[in-house]
Amino acid sequence: MTGRRRIRSILLPRLLHRPVRAGALTTGALVACASLVAGCGVVPGATGGSGDDGPITVMTWAPQDTRATNKPGMPAFAEAYARWINSQGGVNGRRLKVLTCNDRNDTVAAARCARRAVQEKAVAVVGSYSLYADSFMPALEGAGIPYIGGYGITNNEFTSPLSYPVNGGQPALLAGLGRTLADTCGPVTLIRPDTIAGDQLPPLLDSGLAAGGHARSGDQRAAEDATSYNSQAERALERATTDATGQGCVVPALGDRTNTFMDSFRRARADYPEVRTATVLGSVDQTTIDASGGASGPYEGSYVTGWYPAASDARWDPMKKVIKEEAFGDNRIDAADAGVQTTWIAYAVFKQVVESLGDNEVSADTVSEALDSGLKVTTGGLTPTLRWNFQDELAAVGFPRLVNANVTLQVVEGGRLVAAREDFTDVTKTLRDADLG
């Protein structure tokens with residue numbers, strides 16, 4: 001064990017009626033917190049206002065400057081997107097006002113971000129990352145504010161009727177990775193956070209392994225904010241090399257700390273037979289691979305499952321154009337980062353929703369009603385066409401809002417993350433058969 005666990009989102013499907021608007025909240029829940037000034041911002045040049053001709057207010061949040069996972073590129077890109085869309089005439093002719101907030105990887109800060117979104121009358125929270133959906137989602141649900149394109153890191157994002165995920169989150173990534181490894185690996189060891197959220201990862205990976213007739217993975221817990229993983233790397237290697245007839249595989253899924261684990265793993269692996277590594281996008285990207293030595297680093301030959309096409313794919317060119325025009329030189333924004341990519345797709349969804357409303361009011365209620373009415377949203381081929389039903393195919397296994405179970409498979413070759421398969425793989429059936437009890 002690695003110390004006291006942090007309590008996070010648990011699998012708790014809920015069947016809620018349409019939330020009431022902010023007026024039903026207590027006055028205390030609407031009071032602005034002065035401490036938010038340092039943690040939240042607003043895109044420069046955007047102004048407030050109300051009425052049909054005023055700006056449309058949304059919020060994007062993510063953790064920054066913490067000891068665990070950080071996603072500063074997500075709010076930074078949201079600000080760049082606002083500058084770009086406003087230079088194009090706005091969203092359906094109206095300016096877009098983007099509020100940003102640092103959730104600090106902290107349950108209290110996450111709740112404060114949500115309360116600020118309520119106070120500022122945001123019509124949606126778009127393209128955000130937080131581990132604490134059980135803290136922020138109640139405030140959004142109480143105010144009827146939709147959560148569009150969250151990172152997919154918590155189960156609440158796939159159960160709340162006010163959540164509209166654009167990817168399959170960790171469930172799809174791990175199921176897809178397990179299915180791939182079933183055909184290529186001997187013993188498989190998963191290294192994952194020692195948290196409640198981390199407890200959900202082994203059965204998801206195992207669902208993919210089982211679909212390929214493979215035994216379950218070895219479940220190895222680790223502190224997500226450790227500065228060294230020497231003992232965990234040695235234990236993972238010991239298990240992965242127990243079968244001389246098949247090359248074992250080690251799967252770190254520790255978010256930003258995956259690279260820290262791989263530093264320890266690189267030092268320890270010299271004393272053991274050869275093993276293969278594999279992980280999921282979000283735990284590793286091209287920047288991580290470059291920083292760890294490229295072709296001579298520990299990721300060479302690793303399989304990586306992702307939600308979207310490789311960053312080199314031409315379908316990302318419109319996003320890269322926005323970055324070049326509005327955020328050139330901003331090193332917080334990496335076009336290969338899954339958080340930045342998710343934010344781009346989330347804002348593409350929001351833009352189409354607002355356009356679908358025409359001259360009608362744009363509010364939290366009308367945005368969520370448009371999404372609930374069966375609106376089909378396209379993303380330039382970065383995902384399948386998205387459409388949210390109240391109960392989708394994966395409701396039976398606790399993911400009623402998961403509408404995109406497609407994953408891509410990439411591999412590190414010559415220090416570059418490249419597509420290992422041309423097309424998406426749909427893991428809906430694999431997840432439907434998963435034992436998540």
# chains A, B, ... in the order shown; residues from 1 in each chain; ligands from 1
>>> select_by_dssp(residues="stretch 206-280 of chain A", states="strand (DSSP E)", output="PyMOL selection string")
chain A and resi 218-222+249-252+276-280
>>> atom_distance(atom1="atom CA of A:Thr378", atom2="atom CA of A:Val280")
24.4 Å
>>> closest_atom_pairs(of="stretch 300-323 of chain A", to="stretch 255-276 of chain A", cutoff="10 Å", atoms="only C-alpha atoms", output="tab-separated table")
residue	atom	partner	partner_atom	distance
A:Glu300	CA	A:Arg276	CA	9.1
A:Gly301	CA	A:Arg276	CA	7.2
A:Ser302	CA	A:Arg276	CA	6.6
A:Tyr303	CA	A:Arg276	CA	8.6
>>> closest_atom_pairs(of="stretch 110-175 of chain A", to="stretch 63-71 of chain A", cutoff="10 Å", atoms="only C-alpha atoms", output="tab-separated table")
residue	atom	partner	partner_atom	distance
A:Ala110	CA	A:Pro63	CA	9.0
A:Ser128	CA	A:Lys71	CA	9.0
A:Tyr129	CA	A:Pro63	CA	7.2
A:Ser130	CA	A:Pro63	CA	7.0
A:Leu131	CA	A:Pro63	CA	9.2
>>> residues_around(residues="stretch 349-356 of chain A", least_positions_apart="5", cutoff="7 Å", atoms="only C-alpha atoms", output="PyMOL selection string")
chain A and resi 91-92+362+367+370+377
>>> closest_atom_pairs(of="stretch 324-356 of chain A", to="stretch 311-319 of chain A", cutoff="9 Å", atoms="only C-alpha atoms", output="tab-separated table")
residue	atom	partner	partner_atom	distance
A:Lys324	CA	A:Met319	CA	8.7
A:Ala335	CA	A:Ala311	CA	6.9
A:Ala336	CA	A:Ala311	CA	5.1
A:Asp337	CA	A:Ala311	CA	8.4
A:Gln341	CA	A:Met319	CA	8.0
A:Trp344	CA	A:Met319	CA	6.7
>>> residues_around(residues="stretch 172-182 of chain A", least_positions_apart="6", cutoff="10 Å", atoms="only C-alpha atoms", output="ChimeraX atom specification")
/A:152,188,201-217,248-249,251,253,276-282,303-307,402,404-409,425-431,434
>>> write_last_selection(atoms="N, CA and C atoms", output="CSV table (one decimal), in the first residue's frame")
chain,number,residue,atom,x,y,z
A,152,GLY,N,-13.1,12.6,-19.3
A,152,GLY,CA,-13.5,11.2,-19.2
A,152,GLY,C,-12.7,10.5,-18.1
A,188,VAL,N,0.6,-9.9,-17.8
A,188,VAL,CA,0.4,-8.4,-17.9
A,188,VAL,C,0.3,-7.9,-16.5
A,201,LEU,N,-9.8,0.7,-12.7
A,201,LEU,CA,-9.0,0.5,-13.9
A,201,LEU,C,-8.7,-1.0,-14.2
A,202,PRO,N,-8.4,-1.9,-13.1
A,202,PRO,CA,-8.1,-3.3,-13.5
A,202,PRO,C,-9.2,-4.0,-14.2
A,203,PRO,N,-10.5,-3.9,-13.7
A,203,PRO,CA,-11.5,-4.6,-14.5
A,203,PRO,C,-11.7,-4.2,-15.9
A,204,LEU,N,-11.4,-2.9,-16.2
A,204,LEU,CA,-11.5,-2.4,-17.5
A,204,LEU,C,-10.5,-3.0,-18.4
A,205,LEU,N,-9.2,-3.0,-18.0
A,205,LEU,CA,-8.1,-3.6,-18.7
A,205,LEU,C,-8.4,-5.1,-18.9
A,206,ASP,N,-8.9,-5.8,-17.8
A,206,ASP,CA,-9.2,-7.2,-17.8
A,206,ASP,C,-10.3,-7.5,-18.8
A,207,SER,N,-11.2,-6.6,-19.0
A,207,SER,CA,-12.3,-6.9,-20.0
A,207,SER,C,-11.8,-7.1,-21.4
A,208,GLY,N,-10.8,-6.3,-21.7
A,208,GLY,CA,-10.1,-6.4,-23.0
A,208,GLY,C,-9.3,-7.7,-23.1
A,209,LEU,N,-8.6,-8.0,-22.0
A,209,LEU,CA,-7.8,-9.2,-22.0
A,209,LEU,C,-8.7,-10.4,-22.1
A,210,ALA,N,-9.8,-10.4,-21.4
A,210,ALA,CA,-10.7,-11.6,-21.4
A,210,ALA,C,-11.3,-11.7,-22.8
A,211,ALA,N,-11.6,-10.6,-23.5
A,211,ALA,CA,-12.1,-10.7,-24.9
A,211,ALA,C,-11.2,-11.5,-25.8
A,212,GLY,N,-9.9,-11.4,-25.5
A,212,GLY,CA,-8.9,-12.1,-26.3
A,212,GLY,C,-8.5,-13.4,-25.7
A,213,GLY,N,-9.2,-13.9,-24.7
A,213,GLY,CA,-8.8,-15.2,-24.1
A,213,GLY,C,-7.6,-15.2,-23.2
A,214,HIS,N,-7.3,-14.0,-22.7
A,214,HIS,CA,-6.1,-13.9,-21.9
A,214,HIS,C,-6.4,-13.8,-20.4
A,215,ALA,N,-5.5,-14.2,-19.5
A,215,ALA,CA,-5.7,-14.2,-18.1
A,215,ALA,C,-5.8,-12.7,-17.6
A,216,ARG,N,-6.3,-12.5,-16.4
A,216,ARG,CA,-6.3,-11.2,-15.8
A,216,ARG,C,-5.0,-10.6,-15.6
A,217,SER,N,-4.9,-9.3,-15.5
A,217,SER,CA,-3.6,-8.6,-15.2
A,217,SER,C,-3.3,-8.7,-13.8
A,248,GLY,N,6.3,-10.8,-21.4
A,248,GLY,CA,5.4,-10.1,-20.5
A,248,GLY,C,5.2,-8.6,-20.9
A,249,CYS,N,4.2,-8.0,-20.4
A,249,CYS,CA,3.9,-6.6,-20.7
A,249,CYS,C,3.6,-5.9,-19.4
A,251,VAL,N,2.1,-2.3,-17.9
A,251,VAL,CA,1.2,-1.2,-18.3
A,251,VAL,C,1.1,-0.2,-17.2
A,253,ALA,N,-0.3,3.2,-15.8
A,253,ALA,CA,-1.4,4.2,-16.1
A,253,ALA,C,-1.5,5.1,-14.9
A,276,ARG,N,7.7,-5.9,-22.8
A,276,ARG,CA,7.1,-4.8,-23.6
A,276,ARG,C,6.3,-3.9,-22.7
A,277,THR,N,6.2,-2.6,-23.0
A,277,THR,CA,5.4,-1.7,-22.2
A,277,THR,C,4.3,-1.2,-23.1
A,278,ALA,N,3.2,-0.8,-22.4
A,278,ALA,CA,2.0,-0.3,-23.1
A,278,ALA,C,1.3,0.6,-22.1
A,279,THR,N,0.6,1.6,-22.7
A,279,THR,CA,-0.1,2.6,-21.8
A,279,THR,C,-1.2,3.2,-22.6
A,280,VAL,N,-1.8,4.3,-22.0
A,280,VAL,CA,-2.9,4.9,-22.7
A,280,VAL,C,-2.5,6.4,-22.9
A,281,LEU,N,-3.1,7.0,-23.9
A,281,LEU,CA,-2.9,8.4,-24.2
A,281,LEU,C,-3.4,9.2,-23.0
A,282,GLY,N,-2.7,10.2,-22.6
A,282,GLY,CA,-3.0,10.9,-21.4
A,282,GLY,C,-1.9,10.6,-20.3
A,303,TYR,N,2.9,0.1,-27.1
A,303,TYR,CA,1.6,0.4,-27.6
A,303,TYR,C,0.9,1.4,-26.8
A,304,VAL,N,0.2,2.3,-27.5
A,304,VAL,CA,-0.5,3.4,-26.8
A,304,VAL,C,-1.9,3.5,-27.4
A,305,THR,N,-3.0,3.3,-26.6
A,305,THR,CA,-4.3,3.5,-27.1
A,305,THR,C,-4.7,4.9,-26.8
A,306,GLY,N,-5.5,5.5,-27.8
A,306,GLY,CA,-5.9,6.9,-27.7
A,306,GLY,C,-7.4,6.9,-28.1
A,307,TRP,N,-8.0,8.1,-28.0
A,307,TRP,CA,-9.4,8.3,-28.4
A,307,TRP,C,-9.4,8.8,-29.8
A,402,LEU,N,-22.0,7.1,-22.1
A,402,LEU,CA,-20.8,6.8,-22.9
A,402,LEU,C,-21.3,6.5,-24.3
A,404,ASN,N,-19.3,7.2,-27.3
A,404,ASN,CA,-18.2,7.0,-28.2
A,404,ASN,C,-17.2,6.1,-27.6
A,405,ALA,N,-17.3,4.8,-27.9
A,405,ALA,CA,-16.4,3.8,-27.4
A,405,ALA,C,-15.3,3.5,-28.4
A,406,ASN,N,-15.1,4.4,-29.4
A,406,ASN,CA,-14.0,4.1,-30.4
A,406,ASN,C,-12.6,4.5,-29.8
A,407,VAL,N,-11.6,3.7,-30.1
A,407,VAL,CA,-10.3,4.0,-29.7
A,407,VAL,C,-9.3,3.8,-30.9
A,408,THR,N,-8.2,4.4,-30.9
A,408,THR,CA,-7.2,4.2,-31.9
A,408,THR,C,-6.0,3.5,-31.2
A,409,LEU,N,-5.2,2.8,-32.0
A,409,LEU,CA,-4.0,2.2,-31.5
A,409,LEU,C,-2.8,2.8,-32.2
A,425,THR,N,-11.2,1.4,-33.5
A,425,THR,CA,-11.7,0.2,-33.0
A,425,THR,C,-12.8,0.4,-32.0
A,426,ASP,N,-14.0,-0.1,-32.3
A,426,ASP,CA,-15.1,0.1,-31.4
A,426,ASP,C,-15.1,-1.0,-30.3
A,427,VAL,N,-15.0,-0.6,-29.0
A,427,VAL,CA,-14.9,-1.5,-27.9
A,427,VAL,C,-16.2,-1.6,-27.1
A,428,THR,N,-17.3,-1.2,-27.7
A,428,THR,CA,-18.6,-1.2,-27.1
A,428,THR,C,-18.9,-2.6,-26.5
A,429,LYS,N,-18.7,-3.6,-27.4
A,429,LYS,CA,-19.1,-5.0,-26.9
A,429,LYS,C,-18.1,-5.5,-25.8
A,430,THR,N,-16.9,-5.1,-25.9
A,430,THR,CA,-15.9,-5.5,-24.8
A,430,THR,C,-16.3,-4.9,-23.5
A,431,LEU,N,-16.7,-3.6,-23.5
A,431,LEU,CA,-17.2,-3.0,-22.3
A,431,LEU,C,-18.5,-3.5,-21.8
A,434,ALA,N,-17.8,-6.5,-19.8
A,434,ALA,CA,-16.9,-6.3,-18.7
A,434,ALA,C,-17.5,-6.7,-17.3
>>> atom_distance(atom1="atom CA of A:Gly374", atom2="atom CA of A:Arg387")
6.0 Å
>>> residues_around(residues="A:Thr107", least_positions_apart="5", cutoff="9 Å", atoms="only C-alpha atoms", output="list in words")
Arg8, Arg112, Leu131, Tyr132, Ala133, Asp134, Ser135 and Phe136 of chain A
>>> closest_residue(among="A:Tyr147, A:Phe328, A:Phe424, A:Tyr229", to="A:Thr60", atoms="only C-alpha atoms")
A:Tyr147
>>> closest_residue(among="A:Val118, A:Ala62, A:Val340, A:Val250", to="A:Glu234", atoms="only C-alpha atoms")
A:Val250
